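Participant: Structure file final14.pdb (PDB, C-alpha atoms, pLDDT in the B column) is given on the next line.
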ATOM      1  CA  SER A 151      35.831  -1.743  35.757  1.00 45.00           C
ATOM      2  CA  GLY A 152      32.342  -2.341  37.100  1.00 58.00           C
ATOM      3  CA  GLY A 153      31.538  -4.082  40.353  1.00 64.00           C
ATOM      4  CA  LYS A 154      30.198  -7.595  40.596  1.00 60.00           C
ATOM      5  CA  PRO A 155      26.724  -8.367  41.991  1.00 60.00           C
ATOM      6  CA  THR A 156      26.658 -10.065  45.364  1.00 57.00           C
ATOM      7  CA  ALA A 157      23.395 -11.823  44.534  1.00 58.00           C
ATOM      8  CA  THR A 158      21.067 -12.357  41.581  1.00 58.00           C
ATOM      9  CA  ILE A 159      17.304 -12.503  42.069  1.00 56.00           C
ATOM     10  CA  ASP A 160      15.212 -13.889  39.214  1.00 54.00           C
ATOM     11  CA  SER A 161      12.265 -11.497  39.155  1.00 53.00           C
ATOM     12  CA  ARG A 162      10.770  -9.694  36.165  1.00 50.00           C
ATOM     13  CA  HIS A 163       7.929  -8.334  38.267  1.00 57.00           C
ATOM     14  CA  ARG A 164       7.193  -5.448  40.631  1.00 64.00           C
ATOM     15  CA  GLY A 165       9.505  -5.401  43.603  1.00 75.00           C
ATOM     16  CA  GLN A 166      11.070  -3.309  46.330  1.00 77.00           C
ATOM     17  CA  LEU A 167      13.243  -3.529  49.415  1.00 78.00           C
ATOM     18  CA  THR A 168      11.742  -3.704  52.882  1.00 79.00           C
ATOM     19  CA  PRO A 169      12.488  -0.620  55.033  1.00 74.00           C
ATOM     20  CA  ASP A 170      14.976  -2.598  57.142  1.00 77.00           C
ATOM     21  CA  GLY A 171      16.842  -3.724  54.018  1.00 77.00           C
ATOM     22  CA  LYS A 172      16.630  -7.410  54.959  1.00 79.00           C
ATOM     23  CA  PHE A 173      14.260  -8.595  52.220  1.00 81.00           C
ATOM     24  CA  TYR A 174      13.448  -7.966  48.578  1.00 81.00           C
ATOM     25  CA  LEU A 175       9.706  -8.294  48.000  1.00 83.00           C
ATOM     26  CA  ALA A 176       8.109  -9.055  44.633  1.00 80.00           C
ATOM     27  CA  ALA A 177       4.509  -9.356  43.467  1.00 78.00           C
ATOM     28  CA  VAL A 178       4.448 -12.026  40.754  1.00 75.00           C
ATOM     29  CA  THR A 179       1.255 -12.475  38.702  1.00 72.00           C
ATOM     30  CA  ASN A 180       0.653 -15.359  36.296  1.00 72.00           C
ATOM     31  CA  GLN A 181      -2.384 -16.756  34.476  1.00 70.00           C
ATOM     32  CA  ALA A 182      -3.908 -19.674  36.392  1.00 69.00           C
ATOM     33  CA  GLY A 183      -6.718 -20.817  34.101  1.00 71.00           C
ATOM     34  CA  GLU A 184     -10.274 -19.690  33.368  1.00 72.00           C
ATOM     35  CA  GLU A 185     -13.618 -19.862  35.157  1.00 69.00           C
ATOM     36  CA  GLU A 186     -17.191 -19.132  34.098  1.00 68.00           C
ATOM     37  CA  ILE A 187     -18.481 -16.187  36.106  1.00 64.00           C
ATOM     38  CA  ASP A 188     -21.955 -14.692  35.484  1.00 70.00           C
ATOM     39  CA  GLY A 189     -22.172 -16.618  32.240  1.00 74.00           C
ATOM     40  CA  ARG A 190     -18.882 -15.310  30.927  1.00 74.00           C
ATOM     41  CA  SER A 191     -15.502 -16.971  30.691  1.00 73.00           C
ATOM     42  CA  ARG A 192     -13.037 -15.024  32.823  1.00 69.00           C
ATOM     43  CA  ARG A 193      -9.316 -15.471  33.029  1.00 69.00           C
ATOM     44  CA  ILE A 194      -8.074 -16.273  36.537  1.00 71.00           C
ATOM     45  CA  ASN A 195      -4.765 -14.744  37.579  1.00 70.00           C
ATOM     46  CA  GLN A 196      -2.725 -15.868  40.561  1.00 74.00           C
ATOM     47  CA  THR A 197      -0.582 -13.379  42.417  1.00 76.00           C
ATOM     48  CA  GLN A 198       2.198 -14.602  44.666  1.00 78.00           C
ATOM     49  CA  PHE A 199       3.964 -12.344  47.119  1.00 79.00           C
ATOM     50  CA  ILE A 200       7.538 -13.523  47.497  1.00 82.00           C
ATOM     51  CA  ALA A 201      10.266 -12.440  49.918  1.00 81.00           C
ATOM     52  CA  TRP A 202      13.956 -12.984  49.246  1.00 81.00           C
ATOM     53  CA  PRO A 203      16.063 -12.736  52.442  1.00 82.00           C
ATOM     54  CA  PHE A 204      19.398 -11.122  51.618  1.00 77.00           C
ATOM     55  CA  ASP A 205      21.229 -13.485  53.932  1.00 78.00           C
ATOM     56  CA  ASP A 206      19.860 -16.482  51.967  1.00 77.00           C
ATOM     57  CA  VAL A 207      18.747 -15.411  48.471  1.00 70.00           C
ATOM     58  CA  GLU A 208      18.793 -19.007  47.210  1.00 77.00           C
ATOM     59  CA  HIS A 209      15.744 -19.799  49.343  1.00 78.00           C
ATOM     60  CA  PRO A 210      12.958 -17.269  48.751  1.00 78.00           C
ATOM     61  CA  ARG A 211       9.784 -17.549  50.810  1.00 80.00           C
ATOM     62  CA  VAL A 212       6.310 -17.365  49.300  1.00 79.00           C
ATOM     63  CA  LEU A 213       4.417 -15.300  51.849  1.00 79.00           C
ATOM     64  CA  TRP A 214       1.020 -15.949  50.255  1.00 75.00           C
ATOM     65  CA  LYS A 215      -0.844 -16.742  47.038  1.00 74.00           C
ATOM     66  CA  GLN A 216      -4.168 -15.334  45.871  1.00 74.00           C
ATOM     67  CA  LYS A 217      -6.300 -16.056  42.802  1.00 68.00           C
ATOM     68  CA  TRP A 218      -8.376 -13.223  41.342  1.00 66.00           C
ATOM     69  CA  SER A 219     -10.599 -13.050  38.278  1.00 60.00           C
ATOM     70  CA  ASP A 220     -10.629  -9.265  37.884  1.00 55.00           C
ATOM     71  CA  VAL A 221      -6.943  -8.434  37.583  1.00 50.00           C
ATOM     72  CA  THR A 222      -6.042  -7.447  34.027  1.00 50.00           C
ATOM     73  CA  THR A 223      -3.136  -8.770  32.004  1.00 45.00           C
ATOM     74  CA  ASP A 224      -0.583  -6.515  33.697  1.00 50.00           C
ATOM     75  CA  GLY A 225      -1.538  -7.871  37.110  1.00 67.00           C
ATOM     76  CA  VAL A 226      -0.073  -5.852  39.964  1.00 77.00           C
ATOM     77  CA  ARG A 227       1.261  -2.608  38.490  1.00 77.00           C
ATOM     78  CA  SER A 228       2.879  -1.398  41.704  1.00 79.00           C
ATOM     79  CA  PHE A 229       2.636  -1.876  45.446  1.00 85.00           C
ATOM     80  CA  ALA A 230       3.489  -0.109  48.685  1.00 86.00           C
ATOM     81  CA  LEU A 231       4.240  -1.339  52.191  1.00 88.00           C
ATOM     82  CA  SER A 232       2.613   0.274  55.183  1.00 90.00           C
ATOM     83  CA  PRO A 233       5.075   2.096  57.478  1.00 86.00           C
ATOM     84  CA  ASP A 234       4.715  -0.607  60.143  1.00 87.00           C
ATOM     85  CA  GLY A 235       5.359  -3.350  57.566  1.00 86.00           C
ATOM     86  CA  THR A 236       2.150  -5.285  58.343  1.00 89.00           C
ATOM     87  CA  ARG A 237       0.130  -4.459  55.204  1.00 91.00           C
ATOM     88  CA  VAL A 238       0.726  -4.118  51.503  1.00 90.00           C
ATOM     89  CA  ALA A 239      -1.360  -2.044  49.091  1.00 90.00           C
ATOM     90  CA  LEU A 240      -1.531  -3.389  45.530  1.00 87.00           C
ATOM     91  CA  ALA A 241      -2.363  -1.230  42.491  1.00 84.00           C
ATOM     92  CA  CYS A 242      -4.226  -3.660  40.220  1.00 81.00           C
ATOM     93  CA  ASN A 243      -5.312  -1.659  37.153  1.00 77.00           C
ATOM     94  CA  LYS A 244      -9.111  -1.909  36.698  1.00 77.00           C
ATOM     95  CA  ALA A 245      -9.385  -4.028  39.843  1.00 78.00           C
ATOM     96  CA  GLY A 246      -8.426  -0.946  41.849  1.00 84.00           C
ATOM     97  CA  ILE A 247      -6.412  -1.092  45.050  1.00 89.00           C
ATOM     98  CA  ARG A 248      -6.282  -4.047  47.398  1.00 89.00           C
ATOM     99  CA  ILE A 249      -4.951  -3.760  50.937  1.00 93.00           C
ATOM    100  CA  ILE A 250      -3.590  -7.124  52.024  1.00 89.00           C
ATOM    101  CA  ASP A 251      -2.298  -8.429  55.343  1.00 89.00           C
ATOM    102  CA  LEU A 252       1.356  -9.067  54.479  1.00 84.00           C
ATOM    103  CA  ALA A 253       1.798 -12.135  56.660  1.00 80.00           C
ATOM    104  CA  SER A 254      -1.417 -14.013  55.845  1.00 84.00           C
ATOM    105  CA  GLY A 255      -2.521 -12.663  52.456  1.00 83.00           C
ATOM    106  CA  GLU A 256      -5.971 -11.822  53.864  1.00 88.00           C
ATOM    107  CA  LEU A 257      -7.824  -9.180  51.837  1.00 88.00           C
ATOM    108  CA  LEU A 258      -8.573  -6.313  54.216  1.00 93.00           C
ATOM    109  CA  HIS A 259     -10.056  -3.747  51.811  1.00 93.00           C
ATOM    110  CA  GLN A 260     -10.620  -3.281  48.088  1.00 90.00           C
ATOM    111  CA  MET A 261     -11.146   0.182  46.615  1.00 90.00           C
ATOM    112  CA  GLN A 262     -12.115   0.682  42.983  1.00 82.00           C
ATOM    113  CA  ILE A 263     -12.313   3.670  40.650  1.00 79.00           C
ATOM    114  CA  PRO A 264     -15.031   3.093  38.007  1.00 75.00           C
ATOM    115  CA  ASP A 265     -13.710   3.118  34.423  1.00 71.00           C
ATOM    116  CA  ARG A 266     -10.175   3.962  35.536  1.00 75.00           C
ATOM    117  CA  TYR A 267      -6.913   2.089  35.761  1.00 76.00           C
ATOM    118  CA  VAL A 268      -4.965   2.284  39.023  1.00 79.00           C
ATOM    119  CA  THR A 269      -1.242   2.194  38.349  1.00 74.00           C
ATOM    120  CA  SER A 270       0.312   3.726  41.470  1.00 77.00           C
ATOM    121  CA  VAL A 271      -0.263   3.545  45.204  1.00 85.00           C
ATOM    122  CA  SER A 272       1.384   4.785  48.395  1.00 84.00           C
ATOM    123  CA  PHE A 273       0.677   4.963  52.126  1.00 87.00           C
ATOM    124  CA  SER A 274       0.700   8.150  54.152  1.00 84.00           C
ATOM    125  CA  ARG A 275       3.535   8.468  56.651  1.00 79.00           C
ATOM    126  CA  ASP A 276       1.363   7.361  59.583  1.00 85.00           C
ATOM    127  CA  GLY A 277      -0.200   4.485  57.591  1.00 89.00           C
ATOM    128  CA  THR A 278      -3.765   5.725  58.047  1.00 90.00           C
ATOM    129  CA  MET A 279      -4.338   6.748  54.413  1.00 88.00           C
ATOM    130  CA  VAL A 280      -3.685   5.268  50.973  1.00 91.00           C
ATOM    131  CA  VAL A 281      -3.183   7.415  47.872  1.00 87.00           C
ATOM    132  CA  GLY A 282      -3.587   5.881  44.429  1.00 85.00           C
ATOM    133  CA  GLY A 283      -4.836   6.316  40.911  1.00 79.00           C
ATOM    134  CA  ASN A 284      -3.578   7.529  37.595  1.00 70.00           C
ATOM    135  CA  TYR A 285      -5.257  10.579  36.065  1.00 69.00           C
ATOM    136  CA  PRO A 286      -7.317  11.634  39.052  1.00 78.00           C
ATOM    137  CA  PHE A 287      -5.651  10.506  42.279  1.00 82.00           C
ATOM    138  CA  HIS A 288      -7.794   9.375  45.195  1.00 87.00           C
ATOM    139  CA  VAL A 289      -7.261   9.198  48.949  1.00 87.00           C
ATOM    140  CA  TRP A 290      -8.823   6.444  51.032  1.00 91.00           C
ATOM    141  CA  SER A 291      -8.778   5.512  54.683  1.00 93.00           C
ATOM    142  CA  ALA A 292      -6.418   2.559  55.050  1.00 93.00           C
ATOM    143  CA  GLU A 293      -8.390   1.485  58.116  1.00 92.00           C
ATOM    144  CA  THR A 294     -11.899   1.390  56.613  1.00 93.00           C
ATOM    145  CA  GLY A 295     -11.458   1.646  52.816  1.00 92.00           C
ATOM    146  CA  GLU A 296     -13.652   4.788  52.787  1.00 93.00           C
ATOM    147  CA  GLN A 297     -12.808   7.333  50.093  1.00 90.00           C
ATOM    148  CA  LEU A 298     -11.828  10.622  51.709  1.00 87.00           C
ATOM    149  CA  TRP A 299     -11.315  12.885  48.701  1.00 83.00           C
ATOM    150  CA  THR A 300     -10.245  13.037  45.067  1.00 83.00           C
ATOM    151  CA  PHE A 301      -7.426  15.083  43.604  1.00 80.00           C
ATOM    152  CA  ALA A 302      -9.119  15.932  40.317  1.00 74.00           C
ATOM    153  CA  PRO A 303      -7.390  18.039  37.661  1.00 67.00           C
ATOM    154  CA  PRO A 304      -9.124  21.199  36.427  1.00 65.00           C
ATOM    155  CA  SER A 305     -11.087  21.650  33.194  1.00 61.00           C
ATOM    156  CA  GLY A 306     -10.539  18.337  31.472  1.00 60.00           C
ATOM    157  CA  ASN A 307      -6.789  18.270  32.067  1.00 63.00           C
ATOM    158  CA  SER A 308      -5.205  15.243  33.713  1.00 71.00           C
ATOM    159  CA  TYR A 309      -2.551  14.531  36.319  1.00 71.00           C
ATOM    160  CA  ASP A 310       0.163  12.204  35.060  1.00 71.00           C
ATOM    161  CA  VAL A 311       2.221  11.760  38.219  1.00 78.00           C
ATOM    162  CA  GLY A 312       1.792  12.196  41.973  1.00 80.00           C
ATOM    163  CA  LYS A 313       4.027  11.768  44.996  1.00 82.00           C
ATOM    164  CA  LEU A 314       3.833  12.152  48.777  1.00 83.00           C
ATOM    165  CA  SER A 315       6.272  14.414  50.613  1.00 88.00           C
ATOM    166  CA  PRO A 316       8.696  12.736  53.069  1.00 81.00           C
ATOM    167  CA  ASP A 317       6.750  14.005  56.084  1.00 84.00           C
ATOM    168  CA  GLY A 318       3.442  12.875  54.561  1.00 82.00           C
ATOM    169  CA  ARG A 319       1.874  16.323  54.824  1.00 87.00           C
ATOM    170  CA  LEU A 320       1.782  17.235  51.120  1.00 89.00           C
ATOM    171  CA  PHE A 321       0.895  15.459  47.891  1.00 88.00           C
ATOM    172  CA  ALA A 322       2.484  16.859  44.732  1.00 89.00           C
ATOM    173  CA  LEU A 323       0.838  16.341  41.343  1.00 87.00           C
ATOM    174  CA  GLY A 324       2.082  17.147  37.856  1.00 86.00           C
ATOM    175  CA  ASP A 325      -0.335  17.721  34.977  1.00 85.00           C
ATOM    176  CA  ARG A 326      -0.251  17.758  31.183  1.00 83.00           C
ATOM    177  CA  ASP A 327      -0.247  21.556  31.042  1.00 85.00           C
ATOM    178  CA  GLY A 328       3.070  21.660  32.900  1.00 89.00           C
ATOM    179  CA  LYS A 329       1.587  22.811  36.210  1.00 89.00           C
ATOM    180  CA  ILE A 330       2.530  21.388  39.620  1.00 90.00           C
ATOM    181  CA  THR A 331      -0.109  21.347  42.350  1.00 89.00           C
ATOM    182  CA  LEU A 332       0.514  20.825  46.065  1.00 91.00           C
ATOM    183  CA  ARG A 333      -2.361  19.384  48.106  1.00 88.00           C
ATOM    184  CA  SER A 334      -2.687  19.097  51.861  1.00 88.00           C
ATOM    185  CA  MET A 335      -2.964  15.489  53.004  1.00 84.00           C
ATOM    186  CA  GLU A 336      -4.906  16.707  56.034  1.00 83.00           C
ATOM    187  CA  SER A 337      -7.639  18.626  54.213  1.00 85.00           C
ATOM    188  CA  GLY A 338      -7.232  17.678  50.548  1.00 81.00           C
ATOM    189  CA  LYS A 339      -7.163  21.367  49.613  1.00 87.00           C
ATOM    190  CA  ILE A 340      -4.747  23.030  47.211  1.00 88.00           C
ATOM    191  CA  VAL A 341      -2.045  24.867  49.154  1.00 90.00           C
ATOM    192  CA  ALA A 342       0.152  25.985  46.238  1.00 91.00           C
ATOM    193  CA  GLU A 343       0.431  25.804  42.446  1.00 90.00           C
ATOM    194  CA  PHE A 344       3.637  26.230  40.448  1.00 91.00           C
ATOM    195  CA  ALA A 345       3.824  27.043  36.734  1.00 89.00           C
ATOM    196  CA  GLY A 346       7.061  26.862  34.783  1.00 87.00           C
ATOM    197  CA  HIS A 347       7.042  23.867  32.464  1.00 92.00           C
ATOM    198  CA  ALA A 348       5.888  24.045  28.843  1.00 92.00           C
ATOM    199  CA  GLY A 349       5.046  20.334  28.564  1.00 90.00           C
ATOM    200  CA  THR A 350       3.609  17.389  30.481  1.00 87.00           C
ATOM    201  CA  VAL A 351       5.169  16.850  33.920  1.00 88.00           C
ATOM    202  CA  ARG A 352       6.542  13.300  33.867  1.00 84.00           C
ATOM    203  CA  GLU A 353       8.244  12.915  37.245  1.00 84.00           C
ATOM    204  CA  LEU A 354       8.381  14.500  40.691  1.00 86.00           C
ATOM    205  CA  GLU A 355      10.871  13.971  43.494  1.00 85.00           C
ATOM    206  CA  PHE A 356      11.084  15.529  46.952  1.00 88.00           C
ATOM    207  CA  SER A 357      14.458  16.146  48.580  1.00 89.00           C
ATOM    208  CA  PRO A 358      14.986  13.906  51.654  1.00 83.00           C
ATOM    209  CA  ASP A 359      14.363  16.824  54.017  1.00 88.00           C
ATOM    210  CA  GLY A 360      11.231  17.897  52.112  1.00 88.00           C
ATOM    211  CA  ALA A 361      12.598  21.391  51.494  1.00 92.00           C
ATOM    212  CA  LEU A 362      12.730  21.123  47.695  1.00 93.00           C
ATOM    213  CA  LEU A 363      10.717  19.537  44.890  1.00 93.00           C
ATOM    214  CA  ALA A 364      12.362  18.566  41.597  1.00 93.00           C
ATOM    215  CA  THR A 365      10.157  18.206  38.517  1.00 92.00           C
ATOM    216  CA  CYS A 366      10.950  17.084  34.978  1.00 90.00           C
ATOM    217  CA  SER A 367       8.867  17.568  31.869  1.00 90.00           C
ATOM    218  CA  ASP A 368       8.490  16.830  28.176  1.00 90.00           C
ATOM    219  CA  ASP A 369       9.899  20.316  27.595  1.00 91.00           C
ATOM    220  CA  ALA A 370      13.345  18.811  28.394  1.00 90.00           C
ATOM    221  CA  THR A 371      13.820  20.834  31.588  1.00 92.00           C
ATOM    222  CA  ILE A 372      14.224  19.955  35.257  1.00 92.00           C
ATOM    223  CA  LEU A 373      12.998  22.596  37.673  1.00 93.00           C
ATOM    224  CA  MET A 374      13.649  22.932  41.408  1.00 92.00           C
ATOM    225  CA  TRP A 375      10.969  24.431  43.630  1.00 92.00           C
ATOM    226  CA  SER A 376      11.323  25.710  47.190  1.00 92.00           C
ATOM    227  CA  LEU A 377       8.716  24.256  49.545  1.00 90.00           C
ATOM    228  CA  ASN A 378       9.146  27.030  52.077  1.00 88.00           C
ATOM    229  CA  PRO A 379       5.660  28.657  52.165  1.00 83.00           C
ATOM    230  CA  ASP A 380       7.322  32.081  52.250  1.00 82.00           C
ATOM    231  CA  ASP A 381       8.607  31.380  48.731  1.00 76.00           C
ATOM    232  CA  TRP A 382       5.328  30.136  47.281  1.00 69.00           C
ATOM    233  CA  PRO A 383       3.720  32.353  44.620  1.00 60.00           C
ATOM    234  CA  GLY A 384       0.334  32.068  46.328  1.00 54.00           C
ATOM    235  CA  GLU A 385      -2.193  29.702  47.859  1.00 46.00           C
ATOM    236  CA  GLY A 386      -5.077  27.902  46.076  1.00 42.00           C
TER     237      GLY A 386
END
Please render this file's structure as structure tokens.

Facilitator:
Amino acid sequence: SGGKPTATIDSRHRGQLTPDGKFYLAAVTNQAGEEEIDGRSRRINQTQFIAWPFDDVEHPRVLWKQKWSDVTTDGVRSFALSPDGTRVALACNKAGIRIIDLASGELLHQMQIPDRYVTSVSFSRDGTMVVGGNYPFHVWSAETGEQLWTFAPPSGNSYDVGKLSPDGRLFALGDRDGKITLRSMESGKIVAEFAGHAGTVRELEFSPDGALLATCSDDATILMWSLNPDDWPGEG
């Protein structure tokens, strides 16, 4: 028979555990009315960042609330905590990425990609960089909001998924041609490319020690790649 849950948290929104395992965090976005901005009626969304302490799940704490007029219907698509737990990066579709002070809700930086949705975001291991995007992925300074480089796919292709390695040194991207590209987080350059899938790469996952990369594709295969440079087929 199955186990019983120790607690139930009512959240249909984006959420994750804090690194210390003491809280469940959720970004909850709801419509909060309309305002006229530049002569146009714009929907106003309110995002609340809520923390459920696991030792008292009946009493969640609202850390902060913010109202924004440029967050689309889906609101916050995903978010990531900085390694030191002081900041949160929100992926907000066409509104780009917002870096927020976790305790106060103060907007520290906002980074946008013209004509693109931003659906994923992550911090580098040392918390100095933020990686986000969808088809092209971009890297920004988490300290200044300056764009450092873009991981653009070749010849009209597009990346569908990207993920940082556990040590924060590599960024792996999977494209619609079935190719996997490894980029250096220090230089932004291609350090290796793997070809083996016959369909779009849908998911990537590093092993905890960073020695292997698992990839799955529309071709109904899962492939395992060694990340030992001696085993790489070549450098980009």

Participant: Looking at A:Asp369, A:Asp251, A:Glu256, A:Glu293, which one is nearest to Gly346 (chain A), with distances taken over only C-alpha atoms?

Facilitator: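 Distance minimum relative to Gly346 (chain A) lands on A:Asp369.
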
Participant: Could you tell me which residues the PyMOL selection byres ((chain A and resi 328) around 12) grabs in this file, written as an NGL selection string?

Facilitator: :A and (307-311 or 323-327 or 329-331 or 343-354 or 365-373)

Participant: Written as a list in words, which residues does the PyMOL selection byres ((chain A and resi 299) around 10) give for the file shown?

Facilitator: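 The output of the PyMOL selection byres ((chain A and resi 299) around 10) on this file is Val281, Phe287, His288, Val289, Trp290, Ser291, Glu296, Gln297, Leu298, Thr300, Phe301, Ala302, Met335, Ser337, Gly338 and Lys339 of chain A.
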
Participant: Which neighbours of Val238 (chain A) fall inside 7 Å, counting all atoms listed in the file, when residues of the same chain fewer than 5 positions from it are skipped, and could you give them as a list in words?

Facilitator: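 Once the nearby chain positions are removed, what remains is Phe229, Ala230, Leu231, Ser232, Ile249, Ile250, Asp251 and Leu252 of chain A.
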
Participant: Determine the residue membership of the PyMOL selection byres ((chain A and resi 262) around 6) for the file above and supply it as a PDB file with C-alpha atoms, in the frame of the given file.

Facilitator:
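Output contents, as saved in part_28.pdb:
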ATOM      1  CA  GLY A 246      -8.426  -0.946  41.849  1.00 84.00           C
ATOM      2  CA  MET A 261     -11.146   0.182  46.615  1.00 90.00           C
ATOM      3  CA  ILE A 263     -12.313   3.670  40.650  1.00 79.00           C
TER       4      ILE A 263
END

Participant: Which neighbours of Leu363 (chain A) fall inside 8 Å, counting all atoms listed in the file, when residues of the same chain fewer than 6 positions from it are skipped, and could you give them as a PyMOL selection string?

Facilitator: chain A and resi 354-357+374-377

Participant: So how many Å separate CA of Thr168 (chain A) and CA of Ser334 (chain A), to one decimal?

Facilitator: 27.0 Å

Participant: Which value, in Å to one decimal, gives the distance between CA of Leu320 (chain A) and CA of Asp380 (chain A)?

Facilitator: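 Result for CA of Leu320 (chain A) versus CA of Asp380 (chain A): 15.9 Å, one decimal.
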
Participant: Contacts of region 170-172 of chain A at 12 Å or less, counting all atoms listed in the file, minus same-chain residues fewer than 6 places along, as number ranges by chain?

Facilitator: A: 201-207, 231, 233-235

Participant: What does the distance from CA of Gly360 (chain A) to CA of Ile340 (chain A) come to in Å, to one decimal?

Facilitator: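 It comes out at 17.5 Å.
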
Participant: Show which residues sit within 12 Å of Asp265 (chain A), as a PyMOL selection string. Count only C-alpha atoms, and ignore same-chain residues fewer than 6 positions away.

Facilitator: chain A and resi 243-246+283-286

Participant: Pick out the closest residue to Asn180 (chain A) from this set: A:Ile194, A:Leu213, A:Leu314, A:Val341. Count only C-alpha atoms.

Facilitator: A:Ile194

Participant: Which is closer to Cys242 (chain A) than all the others in A:Ala292, A:Ala342, A:Val271, A:Leu332, using only C-alpha atoms?

Facilitator: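 Counting only C-alpha atoms, the residue closest to Cys242 (chain A) is A:Val271.
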